[in-house]
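A.B. asks: Contents are mmCIF, C-alpha atoms and all ligand atoms; file name upload.cif:
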data_start
loop_
_atom_site.label_atom_id
_atom_site.label_comp_id
_atom_site.auth_asym_id
_atom_site.auth_seq_id
_atom_site.Cartn_x
_atom_site.Cartn_y
_atom_site.Cartn_z
CA MET A 1251 104.04 126.61 92.96
CA ASN A 1252 100.73 124.84 92.28
CA ILE A 1253 99.62 121.99 94.52
CA ILE A 1254 96.74 119.57 95.01
CA LEU A 1255 95.49 118.54 98.45
CA LEU A 1256 94.04 115.07 97.99
CA GLY A 1257 92.06 113.13 100.58
CA PRO A 1258 88.61 111.99 101.65
CA PRO A 1259 85.98 114.35 103.07
CA GLY A 1260 87.03 115.42 106.57
CA ALA A 1261 90.75 114.82 105.97
CA GLY A 1262 91.47 118.48 106.74
CA LYS A 1263 92.13 119.73 103.20
CA GLY A 1264 90.22 122.99 103.71
CA THR A 1265 91.88 123.71 107.06
CA GLN A 1266 95.38 123.15 105.69
CA ALA A 1267 94.60 125.09 102.51
CA ARG A 1268 93.61 128.10 104.63
CA LYS A 1269 96.90 127.90 106.51
CA LEU A 1270 98.84 127.83 103.24
CA VAL A 1271 96.88 130.86 102.02
CA ASP A 1272 97.77 132.77 105.21
CA GLU A 1273 101.39 131.69 105.33
CA ARG A 1274 102.38 131.62 101.67
CA GLY A 1275 99.94 133.94 99.91
CA MET A 1276 98.68 131.11 97.73
CA VAL A 1277 95.16 131.12 96.25
CA GLN A 1278 92.79 128.35 97.40
CA LEU A 1279 90.53 126.94 94.71
CA SER A 1280 87.88 124.80 96.39
CA THR A 1281 85.25 123.45 94.01
CA GLY A 1282 83.07 122.61 97.05
CA ASP A 1283 83.13 126.29 98.13
CA MET A 1284 82.43 127.45 94.57
CA LEU A 1285 79.46 125.10 94.28
CA ARG A 1286 78.08 126.18 97.69
CA ALA A 1287 78.43 129.84 96.63
CA ALA A 1288 76.51 129.07 93.40
CA ARG A 1289 73.73 127.50 95.48
CA THR A 1290 73.53 130.43 97.88
CA SER A 1291 73.37 132.95 95.08
CA GLY A 1292 70.65 130.88 93.39
CA THR A 1293 72.24 130.57 89.94
CA ASP A 1294 70.76 127.98 87.54
CA MET A 1295 73.86 125.86 88.01
CA GLY A 1296 73.57 126.17 91.80
CA LYS A 1297 69.96 124.96 91.71
CA LYS A 1298 70.94 122.08 89.43
CA VAL A 1299 73.66 120.75 91.73
CA ALA A 1300 71.95 121.26 95.12
CA ALA A 1301 70.27 117.85 95.42
CA VAL A 1302 73.34 116.03 94.10
CA MET A 1303 75.53 117.70 96.72
CA ASP A 1304 73.13 117.13 99.61
CA ALA A 1305 73.00 113.43 98.77
CA GLY A 1306 76.80 113.30 98.78
CA ASN A 1307 77.28 112.46 95.09
CA LEU A 1308 79.75 114.11 92.74
CA VAL A 1309 78.49 116.78 90.38
CA THR A 1310 79.45 116.38 86.73
CA ASP A 1311 83.02 116.75 85.52
CA GLU A 1312 81.83 119.31 82.99
CA ILE A 1313 80.54 121.66 85.71
CA VAL A 1314 83.56 121.52 88.01
CA ILE A 1315 86.10 121.69 85.18
CA GLY A 1316 84.21 124.76 83.89
CA LEU A 1317 84.42 126.39 87.34
CA ILE A 1318 88.15 125.75 87.62
CA ARG A 1319 88.79 126.97 84.09
CA GLU A 1320 86.93 130.22 84.86
CA GLN A 1321 88.97 130.79 88.02
CA LEU A 1322 92.29 130.03 86.38
CA GLU A 1323 91.48 132.39 83.53
CA SER A 1324 90.39 135.25 85.78
CA ASP A 1325 92.65 134.90 88.84
CA ASN A 1326 96.15 136.11 89.22
CA ALA A 1327 98.07 133.98 91.71
CA PRO A 1328 101.75 134.81 91.91
CA GLY A 1329 101.98 132.60 95.04
CA GLY A 1330 100.41 129.68 93.17
CA TYR A 1331 97.19 127.71 93.50
CA ILE A 1332 96.04 125.15 96.04
CA PHE A 1333 93.49 122.80 94.48
CA ASP A 1334 91.24 121.68 97.33
CA GLY A 1335 88.63 119.04 96.51
CA PHE A 1336 89.59 119.09 92.83
CA PRO A 1337 90.36 116.94 90.90
CA ARG A 1338 88.07 114.17 92.15
CA THR A 1339 87.98 111.95 89.04
CA LEU A 1340 90.53 110.82 86.49
CA ALA A 1341 88.81 112.96 83.83
CA GLN A 1342 89.18 116.00 86.09
CA ALA A 1343 92.86 115.17 86.70
CA ASP A 1344 93.51 115.00 82.94
CA ALA A 1345 91.60 118.24 82.40
CA LEU A 1346 93.60 120.03 85.11
CA GLY A 1347 96.86 118.82 83.58
CA ASN A 1348 95.78 120.19 80.19
CA LEU A 1349 94.57 123.51 81.63
CA LEU A 1350 97.87 124.07 83.42
CA VAL A 1351 99.85 123.27 80.27
CA GLU A 1352 97.65 125.71 78.29
CA MET A 1353 98.51 128.41 80.82
CA GLY A 1354 102.20 127.61 80.82
CA GLU A 1355 101.94 126.47 84.45
CA SER A 1356 103.01 123.26 86.14
CA LEU A 1357 101.68 121.02 88.87
CA ASP A 1358 104.39 120.90 91.50
CA HIS A 1359 103.13 118.72 94.36
CA VAL A 1360 100.22 116.43 95.14
CA ILE A 1361 99.81 115.95 98.87
CA GLU A 1362 97.72 112.98 99.95
CA MET A 1363 96.25 113.44 103.43
CA GLN A 1364 95.82 109.98 104.94
CA VAL A 1365 93.14 109.41 107.60
CA ASP A 1366 91.12 106.43 108.72
CA ASP A 1367 87.41 106.19 108.07
CA GLU A 1368 86.27 106.15 111.69
CA ALA A 1369 88.12 109.37 112.39
CA LEU A 1370 86.44 110.94 109.36
CA VAL A 1371 82.96 110.10 110.55
CA ALA A 1372 83.75 111.50 114.01
CA ARG A 1373 85.23 114.68 112.53
CA ILE A 1374 82.51 115.38 110.03
CA THR A 1375 79.50 114.79 112.21
CA ALA A 1376 81.00 117.23 114.79
CA ARG A 1377 82.01 119.89 112.25
CA SER A 1378 80.73 123.45 111.92
CA THR A 1379 82.09 126.38 109.98
CA CYS A 1380 82.04 130.16 110.32
CA GLY A 1381 79.77 131.31 107.49
CA SER A 1382 81.67 134.58 107.32
CA CYS A 1383 85.33 133.52 107.08
CA GLY A 1384 85.30 129.72 106.76
CA GLU A 1385 87.07 128.97 110.05
CA VAL A 1386 86.38 125.32 110.95
CA TYR A 1387 85.17 124.23 114.42
CA ASN A 1388 84.68 120.80 115.95
CA ASP A 1389 82.34 120.03 118.87
CA ASN A 1390 85.04 117.91 120.53
CA THR A 1391 88.41 119.35 119.63
CA LYS A 1392 87.67 123.01 118.85
CA PRO A 1393 84.23 123.99 120.12
CA ILE A 1394 82.45 127.21 119.19
CA PRO A 1395 83.56 129.82 121.81
CA ALA A 1396 81.23 130.53 124.74
CA ASP A 1397 80.69 134.12 123.53
CA GLU A 1398 79.60 132.64 120.17
CA LYS A 1399 82.01 134.85 118.22
CA CYS A 1400 84.35 133.37 115.62
CA THR A 1401 87.92 133.38 116.94
CA ASN A 1402 89.17 134.41 113.49
CA CYS A 1403 86.76 137.15 112.38
CA GLY A 1404 84.38 137.80 115.31
CA ALA A 1405 81.22 136.99 113.33
CA ASN A 1406 78.33 135.03 114.81
CA ASP A 1407 77.34 132.90 111.84
CA PHE A 1408 78.15 129.27 112.63
CA GLN A 1409 76.83 126.79 110.11
CA ARG A 1410 76.65 123.04 109.71
CA ARG A 1411 76.83 121.79 106.15
CA ALA A 1412 73.69 120.07 104.86
CA ASP A 1413 75.83 117.15 103.68
CA ASP A 1414 77.67 116.71 107.01
CA ASN A 1415 75.37 113.94 108.24
CA GLU A 1416 76.05 110.23 108.48
CA GLU A 1417 73.98 109.21 105.46
CA SER A 1418 75.50 111.72 103.02
CA LEU A 1419 78.91 111.04 104.45
CA ARG A 1420 78.58 107.35 103.60
CA THR A 1421 77.79 108.30 100.00
CA ARG A 1422 80.67 110.81 99.94
CA LEU A 1423 83.08 108.20 101.24
CA MET A 1424 81.89 105.73 98.62
CA ALA A 1425 82.36 108.39 95.93
CA TYR A 1426 85.87 108.98 97.27
CA TYR A 1427 86.87 105.31 97.15
CA LYS A 1428 85.26 104.61 93.78
CA GLN A 1429 86.05 107.78 91.87
CA THR A 1430 88.77 109.77 93.63
CA SER A 1431 91.13 107.28 95.27
CA PRO A 1432 92.43 106.08 91.84
CA LEU A 1433 94.10 109.51 91.68
CA VAL A 1434 96.54 108.37 94.37
CA GLY A 1435 97.92 105.80 91.91
CA TYR A 1436 97.67 108.23 88.99
CA TYR A 1437 99.83 110.88 90.68
CA TYR A 1438 102.16 108.30 92.20
CA ALA A 1439 102.86 106.97 88.71
CA LYS A 1440 103.54 110.52 87.51
CA GLY A 1441 106.04 110.95 90.36
CA ASP A 1442 104.08 113.84 91.93
CA LEU A 1443 102.64 112.19 95.05
CA GLN A 1444 103.66 112.76 98.66
CA SER A 1445 101.65 111.47 101.62
CA VAL A 1446 101.20 112.95 105.09
CA ASP A 1447 99.49 111.62 108.21
CA GLY A 1448 96.26 113.62 108.34
CA LEU A 1449 95.40 112.32 111.80
CA ALA A 1450 98.17 114.24 113.55
CA SER A 1451 97.40 117.64 115.13
CA MET A 1452 96.64 120.54 112.82
CA ASP A 1453 100.11 122.06 113.39
CA GLU A 1454 101.89 118.74 112.89
CA VAL A 1455 100.05 118.16 109.62
CA ALA A 1456 100.96 121.69 108.53
CA ALA A 1457 104.63 120.99 109.37
CA SER A 1458 104.57 117.76 107.31
CA ILE A 1459 103.03 119.61 104.38
CA ASN A 1460 105.64 122.37 104.60
CA LYS A 1461 108.37 119.72 104.62
CA ALA A 1462 106.86 118.06 101.55
CA LEU A 1463 106.75 121.41 99.74
CA ALA A 1464 110.31 122.40 100.68
P1 LIG A 1501 83.65 119.47 99.47
O1 LIG A 1501 83.37 120.78 100.09
O2 LIG A 1501 84.96 119.43 98.73
O3 LIG A 1501 83.50 118.32 100.44
O4 LIG A 1501 82.52 119.25 98.35
C1 LIG A 1501 81.15 119.22 98.68
C2 LIG A 1501 80.36 118.57 97.56
O5 LIG A 1501 80.51 119.36 96.35
C3 LIG A 1501 80.81 117.18 97.15
O6 LIG A 1501 80.25 116.17 97.98
C4 LIG A 1501 80.30 117.11 95.71
O7 LIG A 1501 78.90 116.94 95.68
C5 LIG A 1501 80.59 118.51 95.21
N1 LIG A 1501 81.96 118.63 94.66
C6 LIG A 1501 82.98 119.40 95.15
N2 LIG A 1501 84.09 119.28 94.39
C7 LIG A 1501 83.77 118.41 93.40
C8 LIG A 1501 84.50 117.87 92.30
N3 LIG A 1501 85.78 118.19 92.08
N4 LIG A 1501 83.85 117.00 91.47
C9 LIG A 1501 82.56 116.67 91.67
N5 LIG A 1501 81.82 117.13 92.71
C10 LIG A 1501 82.41 118.01 93.56
#
Any chance you could give the structure as structure tokens?
Ligand code: AMP

C.D. replies:
Amino acid sequence: MNIILLGPPGAGKGTQARKLVDERGMVQLSTGDMLRAARTSGTDMGKKVAAVMDAGNLVTDEIVIGLIREQLESDNAPGGYIFDGFPRTLAQADALGNLLVEMGESLDHVIEMQVDDEALVARITARSTCGSCGEVYNDNTKPIPADEKCTNCGANDFQRRADDNEESLRTRLMAYYKQTSPLVGYYYAKGDLQSVDGLASMDEVAASINKALA
């Protein structure tokens, strides 16, 4: 089963993708994580995209489609793929459809995570992540433990993303509404779209997603 988690920044796509990985043995393909890894390892591509990402703009279709193609060609995912943060444009959606056909795979579900903009701003500006395992924390709802050890892996490597500030977030939201939100209509018209309330608790959202995938 291959699925897309669709929604604005801060909707909880990464958090829910991690749950699906743990519970169903699926493989998470996050273009945001791939691009951050390219930056950290200092590849030419990583250097090229750094400023674009920090400002909150989308990197080119060519780059992200190339990254996804590489992963699909090298990975083996009997439990299926979760596309997290990809596709983000209509061109990316078409490219993903073609790649899956080439591989004899199908796209089984597109889950739209609906959240309101104020909640997104509150979530993102309070967000930090474990640099070691990716566990997500929130200053208000899930603060970093007093012993400063990640509850999931025990590491002490909490990080705030460079683009998790109000100015970049505004640009990221604008990019979402201008370039990504048309995908809601695109997948609805294809008959693939299901929507869940992304503002419910993490476990309730997970339950809605499991119901949609059943
Ligand atoms: P994310 O972690 O999904 O919020 O992505 C962080 C940043 O990486 C975005 O703000 C974009 O600059 C870039 N990015 C991630 N995925 C894509 C994509 N599918 N298309 C274009 N840019 C992307």

A.B. asks: Taking (98.8, 111.4, 90.5) as a centre in this file's frame and 12 Å as the limit, can you find every polymer residue with an atom that close, using all atoms listed in the file, and give them as number ranges by chain?

C.D. replies: A: 1253-1256, 1337-1340, 1342-1344, 1346-1347, 1357-1362, 1430-1445

A.B. asks: In Å, with one decimal, what is the gap from atom CA of A:Leu1463 to atom CA of A:Ile1332?

C.D. replies: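 Computing it gives 11.9 Å between the two atoms.
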
A.B. asks: Using only C-alpha atoms, which protein or nucleic acid residues come within 9 Å of A:Pro1259? Drop anything in the same chain fewer than 5 positions from it, and give the result as a list in words.

C.D. replies: Gly1335, Leu1370, Ile1374, Leu1419, Arg1422, Leu1423 and Tyr1426 of chain A

A.B. asks: Please indicate the distance in Å from atom CA of A:Glu1273 to atom C10 of ligand LIG 1501 (chain A), rounded to one decimal place.

C.D. replies: 26.2 Å

A.B. asks: Which residues are near ligand LIG 1501 (chain A) - at most 8 Å, using only C-alpha atoms and all ligand atoms? Format: as a ChimeraX atom specification.

C.D. replies: /A:1259-1260,1280-1283,1285-1286,1299,1302-1311,1314-1315,1334-1339,1342,1413,1422

A.B. asks: Which is closer to A:Ser1458 than all the others in A:Gln1364, A:Thr1375, A:Asn1390, A:Gln1429, using only C-alpha atoms?

C.D. replies: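 The answer is A:Gln1364, which sits nearest to A:Ser1458.
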
A.B. asks: Quick check, in Å to one decimal: how far apart do atom CA of A:Phe1333 and atom CA of A:Ala1300 lie?

C.D. replies: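 Going from atom CA of A:Phe1333 over to atom CA of A:Ala1300, I get 21.6 Å.
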
A.B. asks: Adding 6 Å on each side of the box along x, y and z that holds all listed atoms of stretch 1425-1438 of chain A, could you give its centre and edge lengths in Å to one decimal, as AutoDock Vina command-line options?

C.D. replies:
--center_x 92.3 --center_y 107.7 --center_z 93.1 --size_x 31.8 --size_y 18.3 --size_z 20.3

A.B. asks: Determine, counting all atoms listed in the file, every residue of protein, DNA or RNA that lies within 12 Å of (75.6, 128.9, 86.7) in the file coordinates, then give the result as a PyMOL selection string.

C.D. replies: chain A and resi 1284-1300+1313-1314+1316-1317+1320

A.B. asks: Using only C-alpha atoms, find the one residue out of A:Leu1322, A:Ala1462, A:Ile1394, A:Ala1327 that sits nearest to A:Phe1408.

C.D. replies: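 Distance minimum relative to A:Phe1408 lands on A:Ile1394.
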
A.B. asks: Identify which of the residues A:Ala1425, A:Ala1456, A:Ser1378, A:Val1365 lies closest to A:Arg1268, counting all atoms listed in the file when measuring atom-to-atom distances.

C.D. replies: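 Of the candidates, the smallest distance to A:Arg1268 is held by A:Ala1456.
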
A.B. asks: So which one's closest to A:Val1371, A:Gly1262, A:Leu1449, A:Asn1415, A:Gly1257? Using only C-alpha atoms, please.

C.D. replies: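 Of A:Gly1262, A:Leu1449, A:Asn1415, A:Gly1257, the one nearest A:Val1371 is A:Asn1415, counting only C-alpha atoms.
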
A.B. asks: Which one is closest to A:Ala1450: A:Asp1325, A:Ala1369, A:Glu1352, A:Lys1392? Count all atoms listed in the file.

C.D. replies: A:Ala1369

A.B. asks: Check the smallest atom-to-atom distance from each of A:Asp1366, A:Ala1341, A:Glu1417, A:Met1452 to A:Thr1391 using all atoms listed in the file, then report the winner.

C.D. replies: A:Met1452

A.B. asks: Would you mind putting N, CA, C and O atoms back on stretch 1390-1413 of chain A and writing the result as a short mmCIF file (atom, residue, chain, number, x, y, z; two decimals), in the frame of the given file?

C.D. replies:
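result-v7.cif, freshly written:
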data_model
loop_
_atom_site.label_atom_id
_atom_site.label_comp_id
_atom_site.auth_asym_id
_atom_site.auth_seq_id
_atom_site.Cartn_x
_atom_site.Cartn_y
_atom_site.Cartn_z
N ASN A 1390 84.18 118.57 119.54
CA ASN A 1390 85.04 117.91 120.53
C ASN A 1390 86.40 118.59 120.68
O ASN A 1390 86.87 118.81 121.78
N THR A 1391 87.03 118.89 119.54
CA THR A 1391 88.41 119.35 119.63
C THR A 1391 88.55 120.87 119.55
O THR A 1391 89.54 121.44 120.02
N LYS A 1392 87.58 121.55 118.94
CA LYS A 1392 87.67 123.01 118.85
C LYS A 1392 86.25 123.58 118.86
O LYS A 1392 85.70 123.98 117.82
N PRO A 1393 85.63 123.58 120.06
CA PRO A 1393 84.23 123.99 120.12
C PRO A 1393 84.03 125.48 119.82
O PRO A 1393 84.96 126.27 119.97
N ILE A 1394 82.81 125.81 119.41
CA ILE A 1394 82.45 127.21 119.19
C ILE A 1394 82.63 127.94 120.52
O ILE A 1394 82.19 127.45 121.57
N PRO A 1395 83.29 129.12 120.54
CA PRO A 1395 83.56 129.82 121.81
C PRO A 1395 82.27 130.16 122.57
O PRO A 1395 81.21 130.33 121.96
N ALA A 1396 82.40 130.27 123.90
CA ALA A 1396 81.23 130.53 124.74
C ALA A 1396 80.55 131.84 124.35
O ALA A 1396 79.32 131.95 124.43
N ASP A 1397 81.33 132.84 123.90
CA ASP A 1397 80.69 134.12 123.53
C ASP A 1397 80.09 134.07 122.11
O ASP A 1397 79.59 135.07 121.60
N GLU A 1398 80.18 132.88 121.50
CA GLU A 1398 79.60 132.64 120.17
C GLU A 1398 80.11 133.62 119.11
O GLU A 1398 79.38 134.02 118.19
N LYS A 1399 81.40 134.01 119.25
CA LYS A 1399 82.01 134.85 118.22
C LYS A 1399 83.17 134.08 117.61
O LYS A 1399 83.97 133.49 118.35
N CYS A 1400 83.28 134.09 116.30
CA CYS A 1400 84.35 133.37 115.62
C CYS A 1400 85.71 133.89 116.09
O CYS A 1400 85.92 135.11 116.15
N THR A 1401 86.62 132.97 116.43
CA THR A 1401 87.92 133.38 116.94
C THR A 1401 88.75 134.07 115.84
O THR A 1401 89.68 134.80 116.13
N ASN A 1402 88.39 133.82 114.59
CA ASN A 1402 89.17 134.41 113.49
C ASN A 1402 88.63 135.77 113.06
O ASN A 1402 89.40 136.70 112.87
N CYS A 1403 87.28 135.89 112.94
CA CYS A 1403 86.76 137.15 112.38
C CYS A 1403 85.72 137.82 113.27
O CYS A 1403 85.27 138.93 112.96
N GLY A 1404 85.32 137.16 114.37
CA GLY A 1404 84.38 137.80 115.31
C GLY A 1404 82.92 137.67 114.92
O GLY A 1404 82.04 138.08 115.68
N ALA A 1405 82.63 137.08 113.75
CA ALA A 1405 81.22 136.99 113.33
C ALA A 1405 80.47 135.93 114.15
O ALA A 1405 81.08 135.05 114.75
N ASN A 1406 79.16 136.06 114.18
CA ASN A 1406 78.33 135.03 114.81
C ASN A 1406 77.47 134.41 113.72
O ASN A 1406 76.32 134.79 113.53
N ASP A 1407 78.05 133.48 112.99
CA ASP A 1407 77.34 132.90 111.84
C ASP A 1407 77.82 131.46 111.65
O ASP A 1407 78.39 131.12 110.62
N PHE A 1408 77.64 130.65 112.70
CA PHE A 1408 78.15 129.27 112.63
C PHE A 1408 77.16 128.40 111.86
O PHE A 1408 75.96 128.49 112.08
N GLN A 1409 77.71 127.59 110.96
CA GLN A 1409 76.83 126.79 110.11
C GLN A 1409 77.29 125.35 110.06
O GLN A 1409 78.49 125.08 110.10
N ARG A 1410 76.31 124.44 109.98
CA ARG A 1410 76.65 123.04 109.71
C ARG A 1410 76.27 122.77 108.27
O ARG A 1410 75.20 123.19 107.82
N ARG A 1411 77.13 122.08 107.54
CA ARG A 1411 76.83 121.79 106.15
C ARG A 1411 75.71 120.77 106.04
O ARG A 1411 75.66 119.81 106.81
N ALA A 1412 74.82 120.98 105.04
CA ALA A 1412 73.69 120.07 104.86
C ALA A 1412 74.17 118.64 104.59
O ALA A 1412 73.48 117.67 104.93
N ASP A 1413 75.36 118.50 104.02
CA ASP A 1413 75.83 117.15 103.68
C ASP A 1413 76.74 116.57 104.77
O ASP A 1413 77.30 115.50 104.59
#
